[in-house]
Amino acid sequence: MVDDDTWSGALHRLWQAASRAEEVGALADDVYAPLLATPGVHLVVGTRWDEDATLRYMRALGADGDAPVIVATARSMPGAAVREPDGEPVVTRSPVDELDDEVWPEAEFLRQVPGASVVGCTFRLDRSGWAGLSVAMDASADTEGVARRLAQAVDVIVACHTGILQRGREARRGADDALLAEASLQMDSSLDVEDTLRRVARIAVPAVADGCLVHLLRKDGPEFVAATHVAVQQQRALEEAGRDDPWLAALLAQRDDGDQALFLSGAALDGSPFAGPGPTGGGRHPTVVSVSTLHARGRVVGSITFVYQRPEDRLPDSAFLDSLATRAALAIDNALLYELRRHAVLSLQEHLLPSQLPAAAGWDLSASYEVGDPMLDVGGDFYDAVPRPDGSIALLIGDVCGRGAEAAALTGLARHTLRTLLEEGTDPGTALSRLNRALRQEGASRFLTAVVVTMTPRADGTVLLTTCSAGHPRPLVLRADGSIGEVVSGGLLLGILDDVSYESHEDSLAPGDTLVLFTDGLTESREADGTYFESVLPGRLSALRGSDAAQVADSLARQARAFRASGQDDIALLVARWNGITPSDGLLPLETWLEQAALR
């Protein structure tokens with residue numbers, strides 16, 4: 001027997017259980033027991049229905065039963081639709097003998113109490129379904145009191161279910177926020193357009209959808225870039241659809257900047273590669289497709305197509321898809337802008353450097369240039385090889401402080417000034433002094449370093465090196481025997497003082513020797529432990545004994561790049577290997593040098 005006080009305590013415990021429950025079914029024992037302890041109540045039956053009057057399960061427990069009877073099913077009962085509540089819970093009272101089995105599947109249990117009367121309450125749990133709770137009682141029961149308790153129990157069940165849904169939504173929002181944050185980190189970690197698009201596809205599956213297609217918008221229409229699916233076999237078909245399917249191409253072409261996520265299912269997918277058997281066929285859930293336009297900075301850059309084969313409650317909402325699309329679009333647009341800037345910067349950098357080095361008997365000349373700044377500002381490193389009227393060759397290399405447009409302007413000024421002077425036969429020291437004067441007259445706010453080496457073959461087969469330096473790293477010589485020498489040079493930076501003179505230092509090359517000029521981006525490449533490449537450069541250069549000029553230049557640049565854990569300076573190398581001149585070679589005549597110079 002349960003009096004009102006006892007029922008109040010049971011109801012309080014029911015509310016406590018509801019606050020902790022992770023599913024409504026966990027409340028069954030706390031609901032059924034106090035109802036069965038109500039005077040005159042012999043049986044309690046609960047039912048769960050889908051929106052289309054499909055019975056999902058029944059749970060029945062008698063007052064003297066040890067365990068409930070649970071029936072799981074998927075029985076369609078159109079007649080039960082009359083019991084479906086529109087809004088508030090609906091309480092009905094009826095003799096058990098008057099129950100219609102097509103409306104009341106619970107009748108098979110409720111009739112176990114002969115002559116009983118039934119109080120039932122149907123109530124809505126969510127948009128996808130409803131439930132019922134019914135009791136069978138004898139004539140001694142207080143019908144109104146039982147109905148009141150039944151309604152109170154239903155209030156707890158509905159509140160519990162609402163709380164579970166709310167916590168679920170909050171958990172999904174938290175998961176969505178975490179996914180969006182991770183997506184941003186992953187997509188922003190690459191500035192390569194196609195890699196960024198592939199990352200979008202990989203992030204989305206299976207967290208967002210079962211399949212994903214990514215297209216980039218080109219001038220002639222959508223261009224397929226990436227696809228992924230939880231099933232490898234279906235991914236291949238998905239890729240084919242992304243490349244060649246006219247239905248999908250027409251759909252994507254219709255999307256514009258203002259469109260939100262579009263969901264398609266059922267008849268809307270007729271004629272598509274997603275209808276019936278196809279890239280996503282075989283699952284028990286109907287296929288749903290969503291298309292999100294990728295728009296950034298006022299223009300459309302592409303689209304993401306998601307393919308779902310999962311329950312409706314696991315589909316993402318439009319707000320989440322729009323947020324994901326916005327982040328993806330910005331990452332893609334950043335990659336596109338970076339690509340454009342990269343091409344522009346590299347093109348400008350090429351114009352600041354010689355298109356080719358001169359060919360000269362006995363000489364093997366080569367150069368290498370590595371851009372170190374990931375943001376691709378134009379660097380200030382430059383080099384050149386200049387034929388001179390006396391048949392010698394002048395090598396020059398320099399480095400303007402800083403990066404960007406001003407550095408590029410000074411780079412062009414410095415290289416072309418030195419080149420012009422050296423072509424005219426001006427000695428290296430005078431050429432550097434005149435460049436310094438030009439920089440001061442221009443009011444340049446940046447300084448630069450440079451070194452000029454003239455290489456003059458001599459009758460004994462050696463080469464006279466005449467070197468002038470303006471604060472630049474000293475060139476190295478790789479001797480034919482593998483030993484390393486340093487070309488003595490020194491002088492004040494260019495652009496600091498008005499009147500500066502530069503002294504020349506002489507050295508020589510023998511056949512098989514290699515002269516290496518470089519900027520400080522090579523020597524200042526630094527490992528994670530703080531070690532500079534400068535400390536290992538002599539050993540690395542010595543190991544290249546016997547290599548031609550191109551091998552030396554490319555290998556040192558590549559090694560420095562691999563060595564580098566910090567530092568973003570450009571690396572420029574200019575290498576000259578002296579192979580010697582045979583008697584039939586001789587020195588190139590002045591006319592040939594000038595012709596080569598004119599072609600450049």
# chains A, B, ... in the order shown; residues from 1 in each chain; ligands from 1
$ residues_around --residues "Val113 of chain A" --least-positions-apart "4" --cutoff "10 Å" --atoms "only C-alpha atoms" --output "PyMOL selection string"
chain A and resi 41-43+62+96+109+117-118+136-138
$ residues_around --residues "Trp130 of chain A" --least-positions-apart "5" --cutoff "8 Å" --atoms "only C-alpha atoms" --output "list in words"
Arg48, Trp49, Asp50, Glu51, Glu84, Pro85, Thr122, Phe123, Arg124 and Leu125 of chain A
$ write_last_selection --atoms "all heavy atoms" --output "CSV table (one decimal), in the first residue's frame"
chain,number,residue,atom,x,y,z
A,48,ARG,N,6.5,2.4,-26.7
A,48,ARG,CA,7.2,3.4,-27.4
A,48,ARG,C,6.9,3.4,-28.9
A,48,ARG,O,6.9,2.3,-29.5
A,48,ARG,CB,8.7,3.2,-27.2
A,48,ARG,CG,9.6,4.3,-27.9
A,48,ARG,CD,9.5,5.6,-27.1
A,48,ARG,NE,10.5,6.6,-27.5
A,48,ARG,CZ,10.4,7.4,-28.5
A,48,ARG,NH1,9.3,7.5,-29.2
A,48,ARG,NH2,11.4,8.3,-28.8
A,49,TRP,N,6.5,4.5,-29.4
A,49,TRP,CA,6.0,4.6,-30.8
A,49,TRP,C,6.9,5.6,-31.7
A,49,TRP,O,7.3,6.6,-31.2
A,49,TRP,CB,4.6,5.1,-30.8
A,49,TRP,CG,3.6,4.2,-30.0
A,49,TRP,CD1,3.4,4.3,-28.7
A,49,TRP,CD2,2.7,3.3,-30.6
A,49,TRP,NE1,2.5,3.4,-28.3
A,49,TRP,CE2,2.0,2.7,-29.5
A,49,TRP,CE3,2.5,2.8,-31.8
A,49,TRP,CZ2,1.1,1.7,-29.6
A,49,TRP,CZ3,1.5,1.8,-32.0
A,49,TRP,CH2,0.8,1.3,-30.9
A,50,ASP,N,7.0,5.2,-32.9
A,50,ASP,CA,7.6,6.1,-33.9
A,50,ASP,C,6.5,7.1,-34.4
A,50,ASP,O,5.3,6.8,-34.2
A,50,ASP,CB,8.2,5.4,-35.1
A,50,ASP,CG,9.5,4.8,-34.7
A,50,ASP,OD1,10.1,5.1,-33.6
A,50,ASP,OD2,10.1,4.0,-35.5
A,51,GLU,N,6.9,8.1,-35.1
A,51,GLU,CA,5.9,9.1,-35.6
A,51,GLU,C,4.9,8.5,-36.5
A,51,GLU,O,3.7,9.0,-36.6
A,51,GLU,CB,6.7,10.2,-36.4
A,51,GLU,CG,5.9,11.4,-36.8
A,51,GLU,CD,5.5,12.3,-35.7
A,51,GLU,OE1,6.2,12.2,-34.6
A,51,GLU,OE2,4.6,13.0,-35.8
A,84,GLU,N,-2.2,9.1,-30.7
A,84,GLU,CA,-1.1,10.0,-30.7
A,84,GLU,C,-1.4,11.4,-30.2
A,84,GLU,O,-2.3,12.0,-30.7
A,84,GLU,CB,-0.5,10.1,-32.2
A,84,GLU,CG,0.8,10.9,-32.2
A,84,GLU,CD,1.4,10.9,-33.6
A,84,GLU,OE1,1.0,10.1,-34.5
A,84,GLU,OE2,2.2,11.9,-33.9
A,85,PRO,N,-0.7,11.9,-29.2
A,85,PRO,CA,-1.0,13.2,-28.6
A,85,PRO,C,-0.5,14.3,-29.5
A,85,PRO,O,0.6,14.2,-30.2
A,85,PRO,CB,-0.2,13.2,-27.3
A,85,PRO,CG,0.9,12.2,-27.5
A,85,PRO,CD,0.4,11.2,-28.5
A,122,THR,N,-1.0,8.9,-22.9
A,122,THR,CA,0.0,9.0,-24.0
A,122,THR,C,0.6,10.4,-24.0
A,122,THR,O,0.0,11.4,-23.6
A,122,THR,CB,-0.7,8.8,-25.4
A,122,THR,OG1,-1.8,9.7,-25.5
A,122,THR,CG2,-1.2,7.3,-25.5
A,123,PHE,N,1.9,10.4,-24.4
A,123,PHE,CA,2.6,11.7,-24.3
A,123,PHE,C,3.7,11.7,-25.3
A,123,PHE,O,4.2,10.7,-25.7
A,123,PHE,CB,3.2,11.9,-22.9
A,123,PHE,CG,4.0,10.7,-22.4
A,123,PHE,CD1,5.4,10.7,-22.5
A,123,PHE,CD2,3.4,9.6,-21.8
A,123,PHE,CE1,6.1,9.6,-22.1
A,123,PHE,CE2,4.1,8.5,-21.3
A,123,PHE,CZ,5.5,8.5,-21.5
A,124,ARG,N,4.0,12.9,-25.8
A,124,ARG,CA,5.1,13.1,-26.8
A,124,ARG,C,6.4,13.3,-26.1
A,124,ARG,O,6.6,14.0,-25.2
A,124,ARG,CB,4.7,14.3,-27.7
A,124,ARG,CG,5.7,14.5,-28.8
A,124,ARG,CD,5.1,15.4,-29.9
A,124,ARG,NE,4.0,14.8,-30.5
A,124,ARG,CZ,4.2,13.9,-31.5
A,124,ARG,NH1,5.4,13.5,-31.8
A,124,ARG,NH2,3.1,13.3,-32.1
A,125,LEU,N,7.4,12.5,-26.7
A,125,LEU,CA,8.8,12.6,-26.2
A,125,LEU,C,9.6,13.6,-27.0
A,125,LEU,O,10.3,14.4,-26.5
A,125,LEU,CB,9.4,11.3,-26.2
A,125,LEU,CG,8.9,10.3,-25.1
A,125,LEU,CD1,9.6,8.9,-25.3
A,125,LEU,CD2,9.2,10.8,-23.7
$ residues_around --residues "Leu110 of chain A" --least-positions-apart "2" --cutoff "12 Å" --atoms "only C-alpha atoms" --output "short mmCIF file (atom, residue, chain, number, x, y, z; two decimals) with N, CA, C and O atoms, in the first residue's frame"
data_model
loop_
_atom_site.label_atom_id
_atom_site.label_comp_id
_atom_site.auth_asym_id
_atom_site.auth_seq_id
_atom_site.Cartn_x
_atom_site.Cartn_y
_atom_site.Cartn_z
N VAL A 41 -3.93 -1.34 -8.14
CA VAL A 41 -3.19 -1.43 -9.41
C VAL A 41 -2.48 -2.78 -9.47
O VAL A 41 -1.76 -3.16 -8.54
N HIS A 42 -2.72 -3.53 -10.57
CA HIS A 42 -2.14 -4.87 -10.71
C HIS A 42 -1.10 -4.99 -11.83
O HIS A 42 -0.30 -5.92 -11.83
N LEU A 43 -1.12 -4.08 -12.80
CA LEU A 43 -0.25 -4.24 -13.96
C LEU A 43 0.08 -2.86 -14.56
O LEU A 43 -0.78 -1.98 -14.60
N VAL A 44 1.33 -2.69 -14.99
CA VAL A 44 1.76 -1.46 -15.66
C VAL A 44 2.40 -1.85 -17.00
O VAL A 44 3.23 -2.77 -17.05
N VAL A 45 1.98 -1.16 -18.06
CA VAL A 45 2.54 -1.43 -19.39
C VAL A 45 2.99 -0.12 -20.02
O VAL A 45 2.23 0.86 -20.04
N GLY A 46 4.21 -0.10 -20.51
CA GLY A 46 4.72 1.08 -21.22
C GLY A 46 4.97 0.74 -22.69
O GLY A 46 5.33 -0.40 -23.03
N MET A 58 7.28 -2.84 -26.10
CA MET A 58 6.38 -2.82 -24.94
C MET A 58 7.12 -3.40 -23.75
O MET A 58 7.95 -4.29 -23.90
N ARG A 59 6.79 -2.86 -22.58
CA ARG A 59 7.37 -3.37 -21.33
C ARG A 59 6.23 -3.52 -20.34
O ARG A 59 5.56 -2.55 -20.00
N ALA A 60 6.02 -4.73 -19.86
CA ALA A 60 4.90 -5.02 -18.95
C ALA A 60 5.43 -5.64 -17.66
O ALA A 60 6.32 -6.51 -17.70
N LEU A 61 4.87 -5.20 -16.54
CA LEU A 61 5.26 -5.74 -15.24
C LEU A 61 4.04 -5.82 -14.34
O LEU A 61 3.30 -4.84 -14.21
N GLY A 62 3.79 -7.01 -13.74
CA GLY A 62 2.68 -7.19 -12.82
C GLY A 62 3.12 -7.01 -11.39
O GLY A 62 4.31 -7.04 -11.06
N SER A 94 -10.87 3.44 -19.60
CA SER A 94 -11.69 2.49 -20.37
C SER A 94 -11.69 1.15 -19.67
O SER A 94 -10.67 0.74 -19.09
N PRO A 95 -12.84 0.43 -19.73
CA PRO A 95 -12.84 -0.97 -19.28
C PRO A 95 -11.91 -1.77 -20.20
O PRO A 95 -11.85 -1.54 -21.41
N VAL A 96 -11.19 -2.72 -19.63
CA VAL A 96 -10.23 -3.49 -20.42
C VAL A 96 -10.90 -4.26 -21.54
O VAL A 96 -10.32 -4.47 -22.61
N ASP A 97 -12.18 -4.68 -21.30
CA ASP A 97 -12.87 -5.49 -22.32
C ASP A 97 -13.23 -4.67 -23.55
O ASP A 97 -13.55 -5.24 -24.61
N GLU A 98 -13.19 -3.34 -23.45
CA GLU A 98 -13.57 -2.51 -24.58
C GLU A 98 -12.36 -2.04 -25.41
O GLU A 98 -12.51 -1.27 -26.36
N LEU A 99 -11.17 -2.51 -25.05
CA LEU A 99 -9.98 -2.08 -25.78
C LEU A 99 -9.91 -2.77 -27.14
O LEU A 99 -10.16 -3.97 -27.28
N ASP A 100 -9.59 -2.00 -28.16
CA ASP A 100 -9.43 -2.50 -29.52
C ASP A 100 -7.97 -2.89 -29.73
O ASP A 100 -7.07 -2.05 -29.59
N ASP A 101 -7.73 -4.15 -30.08
CA ASP A 101 -6.36 -4.62 -30.23
C ASP A 101 -5.59 -3.88 -31.33
O ASP A 101 -4.36 -3.82 -31.30
N TRP A 104 -4.83 -0.69 -29.24
CA TRP A 104 -4.17 -0.92 -27.96
C TRP A 104 -3.40 -2.25 -28.01
O TRP A 104 -3.92 -3.30 -27.62
N PRO A 105 -2.18 -2.28 -28.44
CA PRO A 105 -1.41 -3.54 -28.38
C PRO A 105 -1.16 -3.99 -26.94
O PRO A 105 -0.92 -5.17 -26.68
N GLU A 106 -1.27 -3.03 -25.99
CA GLU A 106 -1.08 -3.38 -24.58
C GLU A 106 -2.19 -4.30 -24.06
O GLU A 106 -2.06 -4.92 -22.99
N ALA A 107 -3.28 -4.39 -24.82
CA ALA A 107 -4.45 -5.14 -24.34
C ALA A 107 -4.11 -6.58 -24.00
O ALA A 107 -4.68 -7.17 -23.08
N GLU A 108 -3.19 -7.17 -24.75
CA GLU A 108 -2.84 -8.57 -24.50
C GLU A 108 -2.28 -8.77 -23.10
O GLU A 108 -2.38 -9.86 -22.52
N GLN A 112 -4.88 -9.57 -18.59
CA GLN A 112 -4.51 -10.57 -17.58
C GLN A 112 -5.14 -10.26 -16.22
O GLN A 112 -5.08 -11.08 -15.30
N VAL A 113 -5.72 -9.07 -16.13
CA VAL A 113 -6.45 -8.69 -14.90
C VAL A 113 -7.93 -8.71 -15.25
O VAL A 113 -8.46 -7.73 -15.80
N PRO A 114 -8.64 -9.81 -14.96
CA PRO A 114 -10.05 -9.93 -15.37
C PRO A 114 -10.90 -8.82 -14.77
O PRO A 114 -10.76 -8.45 -13.60
N GLY A 115 -11.77 -8.26 -15.63
CA GLY A 115 -12.70 -7.23 -15.19
C GLY A 115 -12.05 -5.93 -14.82
O GLY A 115 -12.68 -5.07 -14.19
N ALA A 116 -10.81 -5.77 -15.21
CA ALA A 116 -10.08 -4.55 -14.83
C ALA A 116 -10.55 -3.36 -15.65
O ALA A 116 -11.12 -3.50 -16.73
N SER A 117 -10.27 -2.21 -15.11
CA SER A 117 -10.41 -0.98 -15.87
C SER A 117 -9.00 -0.43 -16.13
O SER A 117 -8.07 -0.73 -15.38
N VAL A 118 -8.91 0.35 -17.17
CA VAL A 118 -7.58 0.81 -17.61
C VAL A 118 -7.53 2.34 -17.58
O VAL A 118 -8.47 3.01 -18.02
N VAL A 119 -6.43 2.85 -17.04
CA VAL A 119 -6.11 4.27 -17.16
C VAL A 119 -4.81 4.34 -17.96
O VAL A 119 -3.81 3.73 -17.59
N GLY A 120 -4.87 5.06 -19.08
CA GLY A 120 -3.69 5.19 -19.93
C GLY A 120 -3.35 6.64 -20.17
O GLY A 120 -4.21 7.52 -20.16
N LEU A 133 1.83 5.05 -21.26
CA LEU A 133 1.97 4.37 -19.97
C LEU A 133 0.57 4.06 -19.48
O LEU A 133 -0.26 4.96 -19.33
N SER A 134 0.28 2.76 -19.28
CA SER A 134 -1.07 2.33 -18.91
C SER A 134 -1.02 1.42 -17.70
O SER A 134 -0.04 0.68 -17.51
N VAL A 135 -2.10 1.47 -16.87
CA VAL A 135 -2.20 0.58 -15.71
C VAL A 135 -3.54 -0.15 -15.76
O VAL A 135 -4.56 0.40 -16.22
N ALA A 136 -3.53 -1.39 -15.28
CA ALA A 136 -4.77 -2.16 -15.10
C ALA A 136 -5.06 -2.23 -13.61
O ALA A 136 -4.18 -2.58 -12.82
N MET A 137 -6.32 -1.90 -13.21
CA MET A 137 -6.65 -1.83 -11.78
C MET A 137 -8.03 -2.43 -11.55
O MET A 137 -8.87 -2.51 -12.46
N ASP A 138 -8.24 -2.85 -10.33
CA ASP A 138 -9.54 -3.44 -10.00
C ASP A 138 -10.47 -2.35 -9.48
O ASP A 138 -10.11 -1.17 -9.42
#
$ residues_around --residues "segment 22-34 of chain A" --least-positions-apart "4" --cutoff "9 Å" --atoms "only C-alpha atoms" --output "ChimeraX atom specification"
/A:2,6-7,10-11,13-14,17-18,38,43-46,59,61,63,153-154,157-158,160-161,164
$ select_by_dssp --residues "segment 437-478 of chain A" --states "strand (DSSP E)" --output "PyMOL selection string"
chain A and resi 448-457+463-470+476-478
$ write_last_selection --atoms "C-alpha atoms" --output "mmCIF file, in the first residue's frame"
data_model
loop_
_atom_site.group_PDB
_atom_site.id
_atom_site.type_symbol
_atom_site.label_atom_id
_atom_site.label_comp_id
_atom_site.auth_asym_id
_atom_site.auth_seq_id
_atom_site.Cartn_x
_atom_site.Cartn_y
_atom_site.Cartn_z
ATOM 1 C CA LEU A 448 73.946 45.825 -47.960
ATOM 2 C CA THR A 449 76.952 43.545 -48.140
ATOM 3 C CA ALA A 450 78.705 42.435 -51.307
ATOM 4 C CA VAL A 451 81.855 40.776 -52.559
ATOM 5 C CA VAL A 452 83.377 41.027 -56.037
ATOM 6 C CA VAL A 453 85.967 38.586 -57.356
ATOM 7 C CA THR A 454 87.664 38.965 -60.729
ATOM 8 C CA MET A 455 89.106 35.746 -62.161
ATOM 9 C CA THR A 456 91.906 36.181 -64.691
ATOM 10 C CA PRO A 457 93.512 33.082 -66.276
ATOM 11 C CA VAL A 463 93.883 31.876 -62.262
ATOM 12 C CA LEU A 464 94.508 35.164 -60.492
ATOM 13 C CA LEU A 465 91.722 36.030 -58.035
ATOM 14 C CA THR A 466 91.291 39.698 -57.108
ATOM 15 C CA THR A 467 88.765 40.090 -54.305
ATOM 16 C CA CYS A 468 87.091 43.130 -52.768
ATOM 17 C CA SER A 469 84.498 42.768 -50.006
ATOM 18 C CA ALA A 470 82.021 45.129 -48.382
ATOM 19 C CA LEU A 476 85.771 29.579 -49.816
ATOM 20 C CA VAL A 477 87.991 27.605 -52.175
ATOM 21 C CA LEU A 478 87.651 23.846 -52.535
#
$ closest_residue --among "A:Pro39, A:Gly429, A:Gly211, A:Gly404" --to "Tyr308 of chain A" --atoms "only C-alpha atoms"
A:Gly211
$ closest_residue --among "A:Gly398, A:Pro473, A:Gly391, A:Pro273" --to "Glu524 of chain A" --atoms "only C-alpha atoms"
A:Pro473
$ residues_around --residues "Phe274 of chain A" --least-positions-apart "5" --cutoff "12 Å" --atoms "only C-alpha atoms" --output "PyMOL selection string"
chain A and resi 211+234+237-238+241-242+245+247-248+264-269+279-283+286-290+305-309
$ closest_residue --among "A:Asp322, A:Arg440, A:Ile70, A:Ala367" --to "Asp498 of chain A" --atoms "only C-alpha atoms"
A:Arg440
$ select_by_dssp --residues "segment 365-554 of chain A" --states "helix (DSSP H, G or I)" --output "JSON, numbers by chain"
{"A": [405, 406, 407, 408, 409, 410, 411, 412, 413, 414, 415, 416, 417, 418, 419, 420, 421, 422, 423, 428, 429, 430, 431, 432, 433, 434, 435, 436, 437, 438, 439, 440, 441, 442, 520, 521, 522, 523, 533, 534, 535, 537, 538, 539, 540, 541, 542, 549, 550, 551, 552, 553, 554]}
$ atom_distance --atom1 "atom CA of Asp399 of chain A" --atom2 "atom CA of Arg437 of chain A"
17.2 Å
$ atom_distance --atom1 "atom CA of Tyr532 of chain A" --atom2 "atom CA of Leu352 of chain A"
27.9 Å
$ residues_around --residues "segment 516-521 of chain A" --least-positions-apart "5" --cutoff "8 Å" --atoms "only C-alpha atoms" --output "ChimeraX atom specification"
/A:381,397-399,472-478,568-576
$ atom_distance --atom1 "atom CA of Phe382 of chain A" --atom2 "atom CA of Ala409 of chain A"
11.6 Å
$ closest_residue --among "A:Ser445, A:Thr73, A:Ser535, A:Thr196" --to "Cys401 of chain A" --atoms "only C-alpha atoms"
A:Ser445
